[in-house]
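Remarks on the structure that follows.
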Amino acid sequence: MNRRELLARAQKVLSDHKISDTSLEAELLLRHALKIDRIHLFADLDSRISAENERLFWVLISRRLKGEPTAYITGHREFYGLDLDVNSSVLIPRPETELLVEKTIEVAQKYPAPIIADIGTGSGAVAIALAYYLPNVKIYTVDISAEALRVARLNSQKYGLEERIIFLLGDLLQPLPEPVNIIAANLPYVLTGDLTAVNTIGFEPKLALDGGRDGLDLIRAICSQTKSKLLTGGFLLLEIGLGQREPLQKILKTTGLSSTFYTDLNGIDRVAVTQFE
């Protein structure tokens with residue numbers, strides 16, 4: 001069987017099991033099995049597959065059919081143009097989080113040498129993208145998971161950014177050694193009651209998903225800590241979930257603040273930007 005035939009067969013199997021993006025998923029898994037990049041895969045689709053590689057490919061497909069995310073199977077995820085290593089210790093970076101990076105970069109342009117804190121860093125996706133595209137930035141990354149910080153540190157080394165990113169183990173803003181200009185946070189915001197509907201539950205760490213009864217436990221906590229950890233006129237940027245704009249506005253209103261909200265490609269209010277005077 002050649003590559004083209006194998007891809008077509010795998011796409012049908014994935015589609016029959018209600019898995020979306022079958023073309024991309026099949027391609028990623030075949031590339032992983034063959035240890036080749038996209039260019040080399042499509043340069044010779046009529047190349048025959050060895051029996052050993054075909055067997056390995058179907059093992060990978062079987063893992064995917066059992067619900068294991070492709071990113072965990074391959075150990076990689078693309079985010080904001082960067083290739084990041086991921087494993088089951090960290091949340092898989094989502095495309096919608098790229099909006100948080102985009103808005104943080106925009107705010108950072110206000111400062112010649114911004115100091116940024118990335119809270120709940122996980123794989124380091126946000127911090128690494130910011131450090132990669134903002135050469136004058138200094139970034140603190142904080143996570144409560146030592147294993148997540150290990151992954152983030154490895155990703156920073158991959159792009160030679162470890163000298164501009166400081167890794168801190170701890171809870172929310174408590175480990176920050178100094179006030180910063182910008183705090184960016186992609187914290188867990190899935191409602192506890194909705195966790196069973198998340199199709200990666202059982203694979204992704206619950207700690208990185210569970211936002212409490214209303215999904216806002218950690219967001220509420222970070223809002224209460226922010227003023228003492230921001231320099232005058234600093235910004236807090238938060239990623240939020242569906243239906244959380246109004247509750248967040250109420251949380252901020254208690255401190256006399258309001259946010260500007262930005263929607264993702266699905267029209268969902270996804271990022272809130274708040275300036276603290």
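In the structure tokens, chains take the letters A, B, ... in the order shown, each chain's residues start at 1, and ligands count up from 1 in the order shown.
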Output as an mmCIF file with N, CA and C atoms, in the first residue's frame all residues of range 26-268 of chain A that backbone DSSP marks as alpha helix (DSSP H).
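Output below, filename result17.cif:
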```cif
data_model
loop_
_atom_site.group_PDB
_atom_site.id
_atom_site.type_symbol
_atom_site.label_atom_id
_atom_site.label_comp_id
_atom_site.auth_asym_id
_atom_site.auth_seq_id
_atom_site.Cartn_x
_atom_site.Cartn_y
_atom_site.Cartn_z
ATOM 1 N N ALA A 26 -4.879 12.327 10.110
ATOM 2 C CA ALA A 26 -4.230 11.207 9.434
ATOM 3 C C ALA A 26 -2.830 11.594 8.977
ATOM 4 N N GLU A 27 -2.717 12.806 8.441
ATOM 5 C CA GLU A 27 -1.414 13.275 7.970
ATOM 6 C C GLU A 27 -0.398 13.360 9.108
ATOM 7 N N LEU A 28 -0.799 13.960 10.238
ATOM 8 C CA LEU A 28 0.111 14.114 11.364
ATOM 9 C C LEU A 28 0.586 12.760 11.895
ATOM 10 N N LEU A 29 -0.332 11.818 11.970
ATOM 11 C CA LEU A 29 0.033 10.504 12.499
ATOM 12 C C LEU A 29 0.916 9.728 11.529
ATOM 13 N N LEU A 30 0.663 9.866 10.234
ATOM 14 C CA LEU A 30 1.509 9.181 9.261
ATOM 15 C C LEU A 30 2.905 9.803 9.235
ATOM 16 N N ARG A 31 2.966 11.115 9.294
ATOM 17 C CA ARG A 31 4.277 11.767 9.342
ATOM 18 C C ARG A 31 5.056 11.317 10.566
ATOM 19 N N HIS A 32 4.353 11.174 11.687
ATOM 20 C CA HIS A 32 5.012 10.737 12.910
ATOM 21 C C HIS A 32 5.517 9.302 12.766
ATOM 22 N N ALA A 33 4.711 8.449 12.167
ATOM 23 C CA ALA A 33 5.117 7.047 11.973
ATOM 24 C C ALA A 33 6.332 6.948 11.058
ATOM 25 N N LEU A 34 6.361 7.780 10.017
ATOM 26 C CA LEU A 34 7.444 7.726 9.031
ATOM 27 C C LEU A 34 8.636 8.613 9.399
ATOM 28 N N ARG A 38 6.103 17.464 6.369
ATOM 29 C CA ARG A 38 4.983 17.544 5.444
ATOM 30 C C ARG A 38 5.450 17.559 3.981
ATOM 31 N N ILE A 39 6.524 18.286 3.737
ATOM 32 C CA ILE A 39 7.031 18.382 2.362
ATOM 33 C C ILE A 39 7.422 17.011 1.829
ATOM 34 N N HIS A 40 8.135 16.254 2.653
ATOM 35 C CA HIS A 40 8.584 14.937 2.205
ATOM 36 C C HIS A 40 7.427 13.941 2.090
ATOM 37 N N LEU A 41 6.406 14.126 2.914
ATOM 38 C CA LEU A 41 5.246 13.237 2.809
ATOM 39 C C LEU A 41 4.548 13.417 1.475
ATOM 40 N N PHE A 42 4.254 14.657 1.126
ATOM 41 C CA PHE A 42 3.468 14.922 -0.080
ATOM 42 C C PHE A 42 4.311 14.949 -1.353
ATOM 43 N N ALA A 43 5.626 14.947 -1.203
ATOM 44 C CA ALA A 43 6.482 14.932 -2.383
ATOM 45 C C ALA A 43 6.405 13.599 -3.116
ATOM 46 N N ALA A 51 5.859 -2.797 5.670
ATOM 47 C CA ALA A 51 4.916 -3.487 6.562
ATOM 48 C C ALA A 51 5.083 -3.009 8.000
ATOM 49 N N GLU A 52 6.329 -2.772 8.408
ATOM 50 C CA GLU A 52 6.592 -2.319 9.779
ATOM 51 C C GLU A 52 6.013 -0.934 10.017
ATOM 52 N N ASN A 53 6.203 -0.016 9.071
ATOM 53 C CA ASN A 53 5.674 1.338 9.228
ATOM 54 C C ASN A 53 4.151 1.368 9.152
ATOM 55 N N GLU A 54 3.579 0.506 8.327
ATOM 56 C CA GLU A 54 2.124 0.444 8.260
ATOM 57 C C GLU A 54 1.547 -0.060 9.577
ATOM 58 N N ARG A 55 2.195 -1.061 10.155
ATOM 59 C CA ARG A 55 1.730 -1.575 11.452
ATOM 60 C C ARG A 55 1.814 -0.481 12.518
ATOM 61 N N LEU A 56 2.937 0.250 12.540
ATOM 62 C CA LEU A 56 3.104 1.326 13.513
ATOM 63 C C LEU A 56 2.032 2.392 13.331
ATOM 64 N N PHE A 57 1.730 2.740 12.084
ATOM 65 C CA PHE A 57 0.726 3.757 11.798
ATOM 66 C C PHE A 57 -0.636 3.350 12.349
ATOM 67 N N TRP A 58 -1.020 2.096 12.174
ATOM 68 C CA TRP A 58 -2.335 1.668 12.664
ATOM 69 C C TRP A 58 -2.377 1.580 14.189
ATOM 70 N N VAL A 59 -1.225 1.363 14.810
ATOM 71 C CA VAL A 59 -1.169 1.438 16.277
ATOM 72 C C VAL A 59 -1.473 2.869 16.728
ATOM 73 N N LEU A 60 -0.912 3.833 16.009
ATOM 74 C CA LEU A 60 -1.168 5.238 16.334
ATOM 75 C C LEU A 60 -2.628 5.596 16.105
ATOM 76 N N ILE A 61 -3.190 5.114 15.007
ATOM 77 C CA ILE A 61 -4.610 5.370 14.715
ATOM 78 C C ILE A 61 -5.477 4.756 15.806
ATOM 79 N N SER A 62 -5.126 3.566 16.261
ATOM 80 C CA SER A 62 -5.894 2.904 17.319
ATOM 81 C C SER A 62 -5.880 3.736 18.599
ATOM 82 N N ARG A 63 -4.742 4.303 18.935
ATOM 83 C CA ARG A 63 -4.658 5.166 20.120
ATOM 84 C C ARG A 63 -5.567 6.378 19.955
ATOM 85 N N ARG A 64 -5.592 6.943 18.748
ATOM 86 C CA ARG A 64 -6.452 8.107 18.494
ATOM 87 C C ARG A 64 -7.918 7.737 18.612
ATOM 88 N N LEU A 65 -8.292 6.551 18.143
ATOM 89 C CA LEU A 65 -9.686 6.122 18.207
ATOM 90 C C LEU A 65 -10.147 5.917 19.643
ATOM 91 N N THR A 70 -4.071 13.647 19.371
ATOM 92 C CA THR A 70 -2.951 13.485 18.444
ATOM 93 C C THR A 70 -1.697 14.170 18.959
ATOM 94 N N ALA A 71 -1.851 15.320 19.607
ATOM 95 C CA ALA A 71 -0.684 16.044 20.116
ATOM 96 C C ALA A 71 0.088 15.217 21.136
ATOM 97 N N TYR A 72 -0.616 14.442 21.956
ATOM 98 C CA TYR A 72 0.071 13.591 22.924
ATOM 99 C C TYR A 72 0.723 12.393 22.234
ATOM 100 N N ILE A 73 0.082 11.903 21.193
ATOM 101 C CA ILE A 73 0.641 10.756 20.462
ATOM 102 C C ILE A 73 1.941 11.144 19.777
ATOM 103 N N THR A 74 1.941 12.307 19.136
ATOM 104 C CA THR A 74 3.138 12.749 18.406
ATOM 105 C C THR A 74 4.128 13.479 19.301
ATOM 106 N N GLU A 98 -4.095 31.811 20.816
ATOM 107 C CA GLU A 98 -3.250 32.695 20.009
ATOM 108 C C GLU A 98 -3.760 34.135 20.076
ATOM 109 N N LEU A 99 -5.067 34.304 20.318
ATOM 110 C CA LEU A 99 -5.609 35.660 20.463
ATOM 111 C C LEU A 99 -5.054 36.328 21.714
ATOM 112 N N LEU A 100 -4.862 35.562 22.775
ATOM 113 C CA LEU A 100 -4.263 36.103 23.993
ATOM 114 C C LEU A 100 -2.838 36.590 23.712
ATOM 115 N N VAL A 101 -2.088 35.825 22.942
ATOM 116 C CA VAL A 101 -0.733 36.232 22.569
ATOM 117 C C VAL A 101 -0.773 37.502 21.716
ATOM 118 N N GLU A 102 -1.660 37.507 20.736
ATOM 119 C CA GLU A 102 -1.784 38.661 19.831
ATOM 120 C C GLU A 102 -2.064 39.947 20.602
ATOM 121 N N LYS A 103 -3.017 39.899 21.526
ATOM 122 C CA LYS A 103 -3.384 41.098 22.281
ATOM 123 C C LYS A 103 -2.299 41.493 23.279
ATOM 124 N N THR A 104 -1.599 40.509 23.822
ATOM 125 C CA THR A 104 -0.497 40.827 24.737
ATOM 126 C C THR A 104 0.635 41.506 23.980
ATOM 127 N N ILE A 105 0.928 41.052 22.783
ATOM 128 C CA ILE A 105 1.956 41.694 21.959
ATOM 129 C C ILE A 105 1.565 43.142 21.658
ATOM 130 N N GLU A 106 0.283 43.368 21.350
ATOM 131 C CA GLU A 106 -0.179 44.733 21.075
ATOM 132 C C GLU A 106 0.027 45.643 22.289
ATOM 133 N N VAL A 107 -0.344 45.157 23.460
ATOM 134 C CA VAL A 107 -0.191 45.955 24.678
ATOM 135 C C VAL A 107 1.286 46.183 24.982
ATOM 136 N N ALA A 108 2.102 45.175 24.728
ATOM 137 C CA ALA A 108 3.532 45.268 25.039
ATOM 138 C C ALA A 108 4.238 46.349 24.225
ATOM 139 N N ALA A 125 3.546 27.833 26.105
ATOM 140 C CA ALA A 125 3.159 28.328 24.783
ATOM 141 C C ALA A 125 3.092 29.850 24.717
ATOM 142 N N VAL A 126 2.375 30.462 25.649
ATOM 143 C CA VAL A 126 2.196 31.918 25.621
ATOM 144 C C VAL A 126 3.520 32.627 25.863
ATOM 145 N N ALA A 127 4.236 32.223 26.903
ATOM 146 C CA ALA A 127 5.504 32.873 27.246
ATOM 147 C C ALA A 127 6.525 32.745 26.127
ATOM 148 N N ILE A 128 6.603 31.581 25.533
ATOM 149 C CA ILE A 128 7.604 31.348 24.488
ATOM 150 C C ILE A 128 7.265 32.146 23.234
ATOM 151 N N ALA A 129 5.985 32.206 22.872
ATOM 152 C CA ALA A 129 5.584 33.022 21.724
ATOM 153 C C ALA A 129 5.900 34.489 21.974
ATOM 154 N N LEU A 130 5.629 34.963 23.183
ATOM 155 C CA LEU A 130 5.908 36.369 23.503
ATOM 156 C C LEU A 130 7.410 36.652 23.452
ATOM 157 N N ALA A 131 8.207 35.784 24.046
ATOM 158 C CA ALA A 131 9.655 35.986 24.053
ATOM 159 C C ALA A 131 10.236 35.892 22.651
ATOM 160 N N TYR A 132 9.663 35.043 21.833
ATOM 161 C CA TYR A 132 10.154 34.838 20.472
ATOM 162 C C TYR A 132 9.915 36.075 19.602
ATOM 163 N N TYR A 133 8.724 36.687 19.780
ATOM 164 C CA TYR A 133 8.354 37.814 18.922
ATOM 165 C C TYR A 133 8.615 39.183 19.550
ATOM 166 N N ALA A 146 5.185 21.318 38.832
ATOM 167 C CA ALA A 146 6.611 21.238 38.525
ATOM 168 C C ALA A 146 6.840 20.535 37.189
ATOM 169 N N GLU A 147 6.010 19.547 36.878
ATOM 170 C CA GLU A 147 6.158 18.824 35.611
ATOM 171 C C GLU A 147 5.840 19.736 34.423
ATOM 172 N N ALA A 148 4.831 20.591 34.583
ATOM 173 C CA ALA A 148 4.506 21.538 33.517
ATOM 174 C C ALA A 148 5.667 22.496 33.291
ATOM 175 N N LEU A 149 6.269 22.980 34.361
ATOM 176 C CA LEU A 149 7.403 23.895 34.224
ATOM 177 C C LEU A 149 8.587 23.223 33.541
ATOM 178 N N ARG A 150 8.753 21.942 33.777
ATOM 179 C CA ARG A 150 9.842 21.214 33.111
ATOM 180 C C ARG A 150 9.626 21.214 31.597
ATOM 181 N N VAL A 151 8.374 20.973 31.171
ATOM 182 C CA VAL A 151 8.057 20.996 29.744
ATOM 183 C C VAL A 151 8.279 22.396 29.175
ATOM 184 N N ALA A 152 7.817 23.408 29.895
ATOM 185 C CA ALA A 152 7.967 24.791 29.437
ATOM 186 C C ALA A 152 9.445 25.168 29.303
ATOM 187 N N ARG A 153 10.243 24.738 30.255
ATOM 188 C CA ARG A 153 11.680 25.050 30.203
ATOM 189 C C ARG A 153 12.331 24.394 28.986
ATOM 190 N N LEU A 154 11.972 23.148 28.712
ATOM 191 C CA LEU A 154 12.517 22.456 27.540
ATOM 192 C C LEU A 154 12.117 23.163 26.243
ATOM 193 N N ASN A 155 10.885 23.640 26.191
ATOM 194 C CA ASN A 155 10.437 24.368 24.999
ATOM 195 C C ASN A 155 11.189 25.689 24.842
ATOM 196 N N SER A 156 11.477 26.351 25.942
ATOM 197 C CA SER A 156 12.230 27.608 25.858
ATOM 198 C C SER A 156 13.650 27.358 25.361
ATOM 199 N N GLN A 157 14.240 26.256 25.786
ATOM 200 C CA GLN A 157 15.592 25.909 25.347
ATOM 201 C C GLN A 157 15.612 25.586 23.857
ATOM 202 N N LYS A 158 14.532 25.021 23.390
ATOM 203 C CA LYS A 158 14.424 24.663 21.973
ATOM 204 C C LYS A 158 14.589 25.888 21.079
ATOM 205 N N ASP A 217 -13.199 30.309 39.371
ATOM 206 C CA ASP A 217 -12.514 30.307 40.667
ATOM 207 C C ASP A 217 -11.129 30.957 40.593
ATOM 208 N N LEU A 218 -10.316 30.528 39.659
ATOM 209 C CA LEU A 218 -8.952 31.052 39.570
ATOM 210 C C LEU A 218 -8.920 32.449 38.955
ATOM 211 N N ILE A 219 -9.849 32.715 38.052
ATOM 212 C CA ILE A 219 -9.936 34.050 37.467
ATOM 213 C C ILE A 219 -10.326 35.065 38.544
ATOM 214 N N ARG A 220 -11.256 34.679 39.393
ATOM 215 C CA ARG A 220 -11.657 35.542 40.506
ATOM 216 C C ARG A 220 -10.464 35.799 41.437
ATOM 217 N N ALA A 221 -9.697 34.750 41.703
ATOM 218 C CA ALA A 221 -8.552 34.861 42.607
ATOM 219 C C ALA A 221 -7.469 35.773 42.029
ATOM 220 N N ILE A 222 -7.178 35.618 40.746
ATOM 221 C CA ILE A 222 -6.110 36.436 40.159
ATOM 222 C C ILE A 222 -6.518 37.905 40.075
ATOM 223 N N CYS A 223 -7.795 38.159 39.850
ATOM 224 C CA CYS A 223 -8.263 39.550 39.819
ATOM 225 C C CYS A 223 -8.059 40.225 41.169
ATOM 226 N N SER A 224 -8.220 39.470 42.246
ATOM 227 C CA SER A 224 -8.067 40.043 43.584
ATOM 228 C C SER A 224 -6.606 40.303 43.931
ATOM 229 N N GLN A 225 -5.683 39.621 43.241
ATOM 230 C CA GLN A 225 -4.255 39.757 43.540
ATOM 231 C C GLN A 225 -3.537 40.747 42.617
ATOM 232 N N ARG A 245 -18.192 36.497 29.907
ATOM 233 C CA ARG A 245 -17.940 37.943 29.832
ATOM 234 C C ARG A 245 -18.681 38.685 30.943
ATOM 235 N N GLU A 246 -19.966 38.475 31.048
ATOM 236 C CA GLU A 246 -20.765 39.216 32.038
ATOM 237 C C GLU A 246 -20.324 38.918 33.469
ATOM 238 N N PRO A 247 -20.107 37.642 33.845
ATOM 239 C CA PRO A 247 -19.622 37.386 35.210
ATOM 240 C C PRO A 247 -18.280 38.041 35.503
ATOM 241 N N LEU A 248 -17.386 38.071 34.507
ATOM 242 C CA LEU A 248 -16.088 38.715 34.721
ATOM 243 C C LEU A 248 -16.267 40.222 34.907
ATOM 244 N N GLN A 249 -17.164 40.815 34.142
ATOM 245 C CA GLN A 249 -17.420 42.245 34.303
ATOM 246 C C GLN A 249 -17.886 42.555 35.724
ATOM 247 N N LYS A 250 -18.706 41.679 36.279
ATOM 248 C CA LYS A 250 -19.201 41.883 37.646
ATOM 249 C C LYS A 250 -18.065 41.766 38.656
ATOM 250 N N ILE A 251 -17.143 40.821 38.414
ATOM 251 C CA ILE A 251 -15.996 40.665 39.309
ATOM 252 C C ILE A 251 -15.143 41.931 39.292
ATOM 253 N N LEU A 252 -14.881 42.452 38.106
ATOM 254 C CA LEU A 252 -14.033 43.638 37.979
ATOM 255 C C LEU A 252 -14.722 44.898 38.485
ATOM 256 N N LYS A 253 -16.040 44.926 38.361
ATOM 257 C CA LYS A 253 -16.798 46.115 38.771
ATOM 258 C C LYS A 253 -16.632 46.392 40.259
#
```
**Study point:** Residue neighbourhood range 184-188 of chain A, 9 Å, only C-alpha atoms, exclusion window fewer than 3 positions, as JSON, numbers by chain
**Key:** {"A": [97, 100, 101, 104, 116, 117, 118, 119, 120, 121, 126, 127, 191, 206, 207, 208, 209, 210, 211, 212, 215, 216, 217, 218, 219, 222, 235, 236, 237, 238, 239, 240]}
Check your understanding: Which one of A:Glu277, A:Asp194, A:Glu96, A:Asp37 sits closest to Leu265 in chain A if you count only C-alpha atoms?
Key ->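 The shortest atom-to-atom distance to Leu265 in chain A comes from A:Glu96.
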Study note, to complete from the structure: Among A:Phe167, A:Tyr111, A:Phe261, A:Tyr159, Asp85 in chain A is approached most closely, using only C-alpha atoms, by A:Tyr159
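All residues of range 28-167 of chain A that DSSP, run on the backbone, classes as strand (DSSP E) are His76, Arg77, Glu78, Phe79, Leu82, Asp83, Leu84, Asp85, Ile115, Ile116, Ala117, Asp118, Ile119, Lys138, Ile139, Tyr140, Thr141, Val142, Asp143, Ile165, Ile166 and Phe167 of chain A.
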